[in-house]
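Peer 1: What follows is a structure written as structure tokens; I'll ask about it next.
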Amino acid sequence: MTTAAPILPLVLDRLSFAVRGKNLLHEVSLTLEPGRRTVILGPNGAGKSLLLRLAHGLLQPTGGRVVWAAADRLGHRPRHALLFQRPVLLRRSARANVIHALALAGHGYRERRKRADSTLAKFGLTGLAERQATVLSGGEQQLLALARAAAQEPEVLFLDEPTAALDPAATAEIEAMLDNLHADRVRIVMTTHDLGQARRMADEIAFMHRGRLIEATPAADFFSRPVSPEARAFIEGKLLW
Ligand SMILES: Nc1ncnc2c1ncn2[C@@H]1O[C@H](COP(=O)(O)OP(=O)(O)O)[C@@H](O)[C@H]1O
Ligand SMILES: [Mg+2]
């Protein structure tokens, strides 16, 4: 682990995002404290992916600020990672995919090999290490993408609907690995439209609807006594978009 100053809390301060004059995200404010798992929940089109991309710095907000508590890079090494719904892997072996990412982050030759092998083992992927990544099953590819991200030891891991394209068994496997990462103190921030997953994975819920953050509360409160009519409708399966 790093001895650098902590990057959390992360403050999303009145984030707005507009495209051609159309506001897609309306002054979303959210503080991400360390130690919890946050699920950004909402129907399709709510703005979950946009919010995650803004937080990760992949998009620049047209209003508001993203404020980390300390520098969010250490030299070449980003201190946060983003996992997409569909992994983008190189047409190389599973192992080479992890090694390549570690090389980009500036890790030396021996270190990246050692770290790739130990990470693949942790994710149960040793047997697939020499297989070409792009021919693996969807679940295996996502597990590999997660391993590749984890190998870089991010302090914060953003995940955008990481299991939306996976079957229940592969979903359970990814969720179990996220539990392990959480136990290893990686800060999990994930989006989903899946209530079941939100119930399983969230310590706190940020509920979004139509580009707005409607409520941000501890998960237990969200499910037992949602405040907004939108959240109530969503929990009852009556809010479709
Ligand atoms: N680059 C873009 N240009 C125009 N509209 C966009 C762009 N990105 C997202 N949107 C729109 O913004 C809204 C929120 O998108 P998104 O964050 O992907 O929602 P979610 O992830 O919650 O399903 C959607 O209506 C989507 O069509
Ligand atoms: Mg999305």
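Following the order of the structure tokens, first chain is A, next is B, and so on, with residues numbered from 1 inside each chain and ligands from 1 in the order they appear.
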Which of segment 87-232 of chain A counts as strand (DSSP E) under DSSP, as a list in words please?
Peer 2: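 Matching residues for strand (DSSP E) in segment 87-232 of chain A are Val156, Leu157, Phe158, Leu159, Asp160, Arg187, Ile188, Val189, Met190, Thr191, Thr192, Glu204, Ile205, Ala206, Phe207, Met208, His209, Arg212, Leu213, Ile214, Glu215, Ala216, Thr217 and Pro218 of chain A.
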Peer 1: Could you save the residues just selected, with C-alpha atoms, as a PDB file, in the first residue's frame?
Peer 2:
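Ended up saving to part.pdb:
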ATOM      1  CA  VAL A 156     -10.721   3.533  -5.212  1.00  0.00           C
ATOM      2  CA  LEU A 157     -12.367   1.233  -7.728  1.00  0.00           C
ATOM      3  CA  PHE A 158     -15.221   2.574  -9.834  1.00  0.00           C
ATOM      4  CA  LEU A 159     -17.335  -0.080 -11.542  1.00  0.00           C
ATOM      5  CA  ASP A 160     -19.961   0.726 -14.155  1.00  0.00           C
ATOM      6  CA  ARG A 187     -13.005   1.709  -1.826  1.00  0.00           C
ATOM      7  CA  ILE A 188     -15.820   0.279  -4.003  1.00  0.00           C
ATOM      8  CA  VAL A 189     -18.093   2.643  -5.946  1.00  0.00           C
ATOM      9  CA  MET A 190     -20.353   0.851  -8.390  1.00  0.00           C
ATOM     10  CA  THR A 191     -23.383   1.574 -10.489  1.00  0.00           C
ATOM     11  CA  THR A 192     -26.257  -0.792 -11.046  1.00  0.00           C
ATOM     12  CA  GLU A 204     -24.762   3.292   1.123  1.00  0.00           C
ATOM     13  CA  ILE A 205     -26.995   4.079  -1.813  1.00  0.00           C
ATOM     14  CA  ALA A 206     -26.859   7.093  -4.077  1.00  0.00           C
ATOM     15  CA  PHE A 207     -30.168   6.965  -5.908  1.00  0.00           C
ATOM     16  CA  MET A 208     -30.376   8.821  -9.216  1.00  0.00           C
ATOM     17  CA  HIS A 209     -33.221   9.635 -11.533  1.00  0.00           C
ATOM     18  CA  ARG A 212     -30.442  14.156 -10.496  1.00  0.00           C
ATOM     19  CA  LEU A 213     -29.247  12.658  -7.251  1.00  0.00           C
ATOM     20  CA  ILE A 214     -32.514  12.017  -5.446  1.00  0.00           C
ATOM     21  CA  GLU A 215     -31.218  10.600  -2.171  1.00  0.00           C
ATOM     22  CA  ALA A 216     -27.932   9.406  -0.686  1.00  0.00           C
ATOM     23  CA  THR A 217     -28.423   7.297   2.439  1.00  0.00           C
ATOM     24  CA  PRO A 218     -27.203   4.217   4.294  1.00  0.00           C
TER      25      PRO A 218
END
Peer 1: Pull the closest atom pair for each residue of chain A that gets at most 7 Å from ligand 2, along with the distance in Å to one decimal, counting only C-alpha atoms and all ligand atoms, ordering rows by chain and then ascending residue number, as CSV.
Peer 2:
residue,atom,partner,partner_atom_place_in_ligand_line,distance
A:Asn44,CA,ligand 2,1 (Mg),6.7
A:Gly45,CA,ligand 2,1 (Mg),6.8
A:Gly47,CA,ligand 2,1 (Mg),6.9
A:Lys48,CA,ligand 2,1 (Mg),5.4
A:Ser49,CA,ligand 2,1 (Mg),4.1
A:Asp160,CA,ligand 2,1 (Mg),6.5
A:Glu161,CA,ligand 2,1 (Mg),6.8
Peer 1: Please produce a file of the residues just selected, as a PDB file, in the first residue's frame, where the atoms kept are N, CA, C and O atoms.
Peer 2:
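What landed in again.pdb:
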ATOM      1  N   ASN A  44     -32.287   2.986 -16.150  1.00  0.00           N
ATOM      2  CA  ASN A  44     -31.518   3.352 -17.339  1.00  0.00           C
ATOM      3  C   ASN A  44     -31.697   4.825 -17.658  1.00  0.00           C
ATOM      4  O   ASN A  44     -32.792   5.353 -17.574  1.00  0.00           O
ATOM      5  N   GLY A  45     -30.586   5.469 -18.013  1.00  0.00           N
ATOM      6  CA  GLY A  45     -30.653   6.867 -18.403  1.00  0.00           C
ATOM      7  C   GLY A  45     -30.640   7.833 -17.242  1.00  0.00           C
ATOM      8  O   GLY A  45     -30.745   9.051 -17.428  1.00  0.00           O
ATOM      9  N   GLY A  47     -28.205   8.713 -15.386  1.00  0.00           N
ATOM     10  CA  GLY A  47     -26.974   9.505 -15.306  1.00  0.00           C
ATOM     11  C   GLY A  47     -25.882   8.835 -14.493  1.00  0.00           C
ATOM     12  O   GLY A  47     -24.868   9.454 -14.160  1.00  0.00           O
ATOM     13  N   LYS A  48     -26.060   7.553 -14.188  1.00  0.00           N
ATOM     14  CA  LYS A  48     -25.100   6.811 -13.366  1.00  0.00           C
ATOM     15  C   LYS A  48     -23.716   6.741 -14.026  1.00  0.00           C
ATOM     16  O   LYS A  48     -22.706   7.016 -13.388  1.00  0.00           O
ATOM     17  N   SER A  49     -23.707   6.370 -15.303  1.00  0.00           N
ATOM     18  CA  SER A  49     -22.415   6.244 -15.997  1.00  0.00           C
ATOM     19  C   SER A  49     -21.728   7.598 -16.122  1.00  0.00           C
ATOM     20  O   SER A  49     -20.513   7.701 -15.955  1.00  0.00           O
ATOM     21  N   ASP A 160     -18.733   0.313 -13.477  1.00  0.00           N
ATOM     22  CA  ASP A 160     -19.961   0.726 -14.155  1.00  0.00           C
ATOM     23  C   ASP A 160     -20.746  -0.511 -14.599  1.00  0.00           C
ATOM     24  O   ASP A 160     -20.410  -1.129 -15.609  1.00  0.00           O
ATOM     25  N   GLU A 161     -21.772  -0.857 -13.852  1.00  0.00           N
ATOM     26  CA  GLU A 161     -22.608  -2.038 -14.138  1.00  0.00           C
ATOM     27  C   GLU A 161     -21.736  -3.242 -14.524  1.00  0.00           C
ATOM     28  O   GLU A 161     -21.902  -3.812 -15.610  1.00  0.00           O
TER      29      GLU A 161
END
Peer 1: If you count only C-alpha atoms, which residues fall within 9 Å of Leu144 of chain A, apart from same-chain ones fewer than 5 positions away, as number ranges by chain?
Peer 2: A: 87, 89, 94-95, 97-98, 120, 123, 125, 133, 139, 149
Peer 1: According to DSSP computed on the backbone, where in segment 29-157 of chain A is there helix (DSSP H, G or I)? Give the residues as a tab-separated table (two decimals) with N, CA and C atoms, in the first residue's frame.
Peer 2:
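Output contents, as saved in result09.tsv:
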chain	number	residue	atom	x	y	z
A	48	LYS	N	-26.06	7.55	-14.19
A	48	LYS	CA	-25.10	6.81	-13.37
A	48	LYS	C	-23.72	6.74	-14.03
A	49	SER	N	-23.71	6.37	-15.30
A	49	SER	CA	-22.41	6.24	-16.00
A	49	SER	C	-21.73	7.60	-16.12
A	50	LEU	N	-22.50	8.61	-16.42
A	50	LEU	CA	-21.92	9.96	-16.52
A	50	LEU	C	-21.27	10.36	-15.20
A	51	LEU	N	-21.97	10.13	-14.11
A	51	LEU	CA	-21.43	10.52	-12.80
A	51	LEU	C	-20.13	9.78	-12.51
A	52	LEU	N	-20.10	8.50	-12.83
A	52	LEU	CA	-18.90	7.69	-12.58
A	52	LEU	C	-17.73	8.17	-13.45
A	53	ARG	N	-18.02	8.48	-14.70
A	53	ARG	CA	-16.95	8.95	-15.60
A	53	ARG	C	-16.42	10.31	-15.17
A	54	LEU	N	-17.29	11.14	-14.67
A	54	LEU	CA	-16.84	12.44	-14.15
A	54	LEU	C	-15.96	12.25	-12.92
A	55	ALA	N	-16.40	11.36	-12.02
A	55	ALA	CA	-15.63	11.12	-10.79
A	55	ALA	C	-14.24	10.59	-11.13
A	56	HIS	N	-14.17	9.72	-12.14
A	56	HIS	CA	-12.90	9.10	-12.52
A	56	HIS	C	-12.03	10.04	-13.34
A	94	ALA	N	-4.08	-13.80	-21.13
A	94	ALA	CA	-4.63	-13.17	-19.92
A	94	ALA	C	-3.49	-12.56	-19.11
A	95	ARG	N	-2.42	-13.33	-18.96
A	95	ARG	CA	-1.29	-12.85	-18.17
A	95	ARG	C	-0.67	-11.59	-18.78
A	96	ALA	N	-0.53	-11.60	-20.12
A	96	ALA	CA	0.06	-10.45	-20.80
A	96	ALA	C	-0.79	-9.20	-20.62
A	97	ASN	N	-2.10	-9.37	-20.53
A	97	ASN	CA	-2.98	-8.22	-20.29
A	97	ASN	C	-2.66	-7.56	-18.96
A	98	VAL	N	-2.45	-8.36	-17.94
A	98	VAL	CA	-2.16	-7.80	-16.61
A	98	VAL	C	-0.76	-7.18	-16.61
A	99	ILE	N	0.19	-7.88	-17.22
A	99	ILE	CA	1.57	-7.39	-17.26
A	99	ILE	C	1.65	-6.06	-18.01
A	100	HIS	N	0.91	-5.97	-19.11
A	100	HIS	CA	0.92	-4.75	-19.92
A	100	HIS	C	0.41	-3.55	-19.11
A	101	ALA	N	-0.67	-3.76	-18.39
A	101	ALA	CA	-1.24	-2.67	-17.58
A	101	ALA	C	-0.24	-2.23	-16.51
A	102	LEU	N	0.45	-3.20	-15.93
A	102	LEU	CA	1.43	-2.87	-14.89
A	102	LEU	C	2.65	-2.14	-15.48
A	103	ALA	N	2.99	-2.50	-16.73
A	103	ALA	CA	4.09	-1.80	-17.39
A	103	ALA	C	3.72	-0.34	-17.62
A	104	LEU	N	2.48	-0.11	-18.07
A	104	LEU	CA	2.03	1.26	-18.30
A	104	LEU	C	2.06	2.08	-17.02
A	109	TYR	N	10.24	-4.79	-14.70
A	109	TYR	CA	10.07	-6.07	-15.39
A	109	TYR	C	9.75	-7.22	-14.43
A	110	ARG	N	10.57	-7.40	-13.42
A	110	ARG	CA	10.36	-8.52	-12.50
A	110	ARG	C	9.13	-8.32	-11.64
A	111	GLU	N	8.97	-7.09	-11.17
A	111	GLU	CA	7.84	-6.76	-10.30
A	111	GLU	C	6.52	-7.03	-11.00
A	112	ARG	N	6.41	-6.64	-12.27
A	112	ARG	CA	5.11	-6.82	-12.93
A	112	ARG	C	4.79	-8.29	-13.18
A	113	ARG	N	5.81	-9.09	-13.43
A	113	ARG	CA	5.56	-10.53	-13.62
A	113	ARG	C	5.12	-11.18	-12.31
A	114	LYS	N	5.81	-10.83	-11.27
A	114	LYS	CA	5.49	-11.40	-9.95
A	114	LYS	C	4.06	-11.00	-9.53
A	115	ARG	N	3.78	-9.71	-9.73
A	115	ARG	CA	2.50	-9.20	-9.31
A	115	ARG	C	1.36	-9.75	-10.17
A	116	ALA	N	1.61	-9.90	-11.47
A	116	ALA	CA	0.59	-10.46	-12.37
A	116	ALA	C	0.24	-11.88	-11.92
A	117	ASP	N	1.26	-12.68	-11.65
A	117	ASP	CA	1.00	-14.08	-11.28
A	117	ASP	C	0.27	-14.19	-9.95
A	118	SER	N	0.66	-13.37	-8.98
A	118	SER	CA	-0.02	-13.48	-7.68
A	118	SER	C	-1.46	-12.98	-7.80
A	119	THR	N	-1.68	-11.96	-8.63
A	119	THR	CA	-3.06	-11.46	-8.78
A	119	THR	C	-3.92	-12.47	-9.52
A	120	LEU	N	-3.39	-13.05	-10.59
A	120	LEU	CA	-4.17	-14.05	-11.32
A	120	LEU	C	-4.54	-15.20	-10.39
A	121	ALA	N	-3.62	-15.59	-9.51
A	121	ALA	CA	-3.91	-16.66	-8.55
A	121	ALA	C	-5.04	-16.26	-7.63
A	122	LYS	N	-4.97	-15.04	-7.12
A	122	LYS	CA	-6.01	-14.54	-6.20
A	122	LYS	C	-7.39	-14.57	-6.84
A	126	THR	N	-5.25	-18.61	-12.63
A	126	THR	CA	-3.94	-19.17	-12.98
A	126	THR	C	-4.06	-20.16	-14.14
A	127	GLY	N	-5.09	-20.98	-14.10
A	127	GLY	CA	-5.27	-21.99	-15.15
A	127	GLY	C	-5.56	-21.39	-16.52
A	128	LEU	N	-5.97	-20.12	-16.56
A	128	LEU	CA	-6.30	-19.47	-17.83
A	128	LEU	C	-5.24	-18.46	-18.25
A	133	ALA	N	-6.94	-13.67	-24.10
A	133	ALA	CA	-7.97	-13.02	-23.29
A	133	ALA	C	-9.30	-12.88	-24.04
A	134	THR	N	-9.22	-12.56	-25.34
A	134	THR	CA	-10.45	-12.25	-26.07
A	134	THR	C	-11.29	-13.48	-26.41
A	135	VAL	N	-10.77	-14.69	-26.15
A	135	VAL	CA	-11.59	-15.88	-26.39
A	135	VAL	C	-12.17	-16.44	-25.09
A	138	GLY	N	-17.51	-14.45	-21.22
A	138	GLY	CA	-17.81	-13.11	-20.72
A	138	GLY	C	-17.45	-12.96	-19.25
A	139	GLY	N	-17.81	-13.97	-18.47
A	139	GLY	CA	-17.53	-13.92	-17.04
A	139	GLY	C	-16.03	-13.94	-16.74
A	140	GLU	N	-15.31	-14.79	-17.50
A	140	GLU	CA	-13.86	-14.87	-17.31
A	140	GLU	C	-13.19	-13.57	-17.73
A	141	GLN	N	-13.69	-12.97	-18.81
A	141	GLN	CA	-13.11	-11.70	-19.27
A	141	GLN	C	-13.30	-10.61	-18.22
A	142	GLN	N	-14.48	-10.57	-17.62
A	142	GLN	CA	-14.72	-9.52	-16.64
A	142	GLN	C	-13.87	-9.77	-15.39
A	143	LEU	N	-13.72	-11.04	-15.02
A	143	LEU	CA	-12.87	-11.39	-13.88
A	143	LEU	C	-11.43	-10.95	-14.16
A	144	LEU	N	-11.00	-11.16	-15.40
A	144	LEU	CA	-9.65	-10.76	-15.79
A	144	LEU	C	-9.51	-9.23	-15.75
A	145	ALA	N	-10.52	-8.55	-16.25
A	145	ALA	CA	-10.47	-7.08	-16.23
A	145	ALA	C	-10.40	-6.58	-14.78
A	146	LEU	N	-11.12	-7.26	-13.92
A	146	LEU	CA	-11.09	-6.88	-12.50
A	146	LEU	C	-9.71	-7.18	-11.90
A	147	ALA	N	-9.15	-8.34	-12.26
A	147	ALA	CA	-7.81	-8.69	-11.78
A	147	ALA	C	-6.78	-7.68	-12.27
A	148	ARG	N	-6.91	-7.29	-13.53
A	148	ARG	CA	-5.98	-6.32	-14.12
A	148	ARG	C	-6.04	-4.99	-13.36
A	149	ALA	N	-7.26	-4.58	-13.03
A	149	ALA	CA	-7.41	-3.35	-12.25
A	149	ALA	C	-6.85	-3.52	-10.85
A	150	ALA	N	-7.16	-4.65	-10.22
A	150	ALA	CA	-6.74	-4.88	-8.84
A	150	ALA	C	-5.22	-4.97	-8.72
A	151	ALA	N	-4.57	-5.50	-9.77
A	151	ALA	CA	-3.11	-5.66	-9.75
A	151	ALA	C	-2.42	-4.31	-9.55
Peer 1: Of the residues A:Pro43, A:Glu27, A:Lys22, A:Arg86, which is the one nearest to Ala165 of chain A, using only C-alpha atoms?
Peer 2: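 Result for the nearest residue to Ala165 of chain A: A:Arg86.
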Peer 1: Need to verify the contact set: Phe17 of chain A, 10 Å, only C-alpha atoms, exclusion of same-chain residues closer than 6 positions in sequence. Can you return it as number ranges by chain?
Peer 2: A: 23-28, 47, 50-51, 54, 59-64, 211
Peer 1: Which residue out of A:Phe84, A:Thr3, A:Met177, A:Gly196 has the minimum interatomic distance to ligand 1 when only C-alpha atoms and all ligand atoms are used?
Peer 2: A:Phe84
Peer 1: For Glu153 of chain A, which residue out of A:Arg210, A:His182, A:Arg20, A:Arg91 is the nearest one, using only C-alpha atoms?
Peer 2: A:His182
Peer 1: Name all residues at most 10 Å from Ala5 of chain A (count only C-alpha atoms; drop same-chain ones fewer than 5 positions away) and give them as a list in words.
Peer 2: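 Contacts, with the query itself left out: Ala69, Ala70, Ala71 and Asp72 of chain A.
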Peer 1: Measuring atom to atom with only C-alpha atoms, identify which of A:His193, A:Arg14, A:Arg131, A:Arg185 is nearest to Ile40 of chain A.
Peer 2: A:His193
Peer 1: Which of these, A:Leu240, A:Leu10, A:Ala172, A:Ala81, has the shortest distance to ligand 1 once you count only C-alpha atoms and all ligand atoms?
Peer 2: A:Leu240
Peer 1: Taking only C-alpha atoms and all ligand atoms into account, name the residue in A:Met201, A:Ala220, A:Ala164, A:Ala176 that is nearest to ligand 1.
Peer 2: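 Using only C-alpha atoms and all ligand atoms, ligand 1 sits closest to A:Ala164.
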Peer 1: Could you work out how far atom CA of Glu155 of chain A lies from atom CA of Gln85 of chain A, giving the answer in Å with one decimal?
Peer 2: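 Those two atoms sit 20.0 Å apart.
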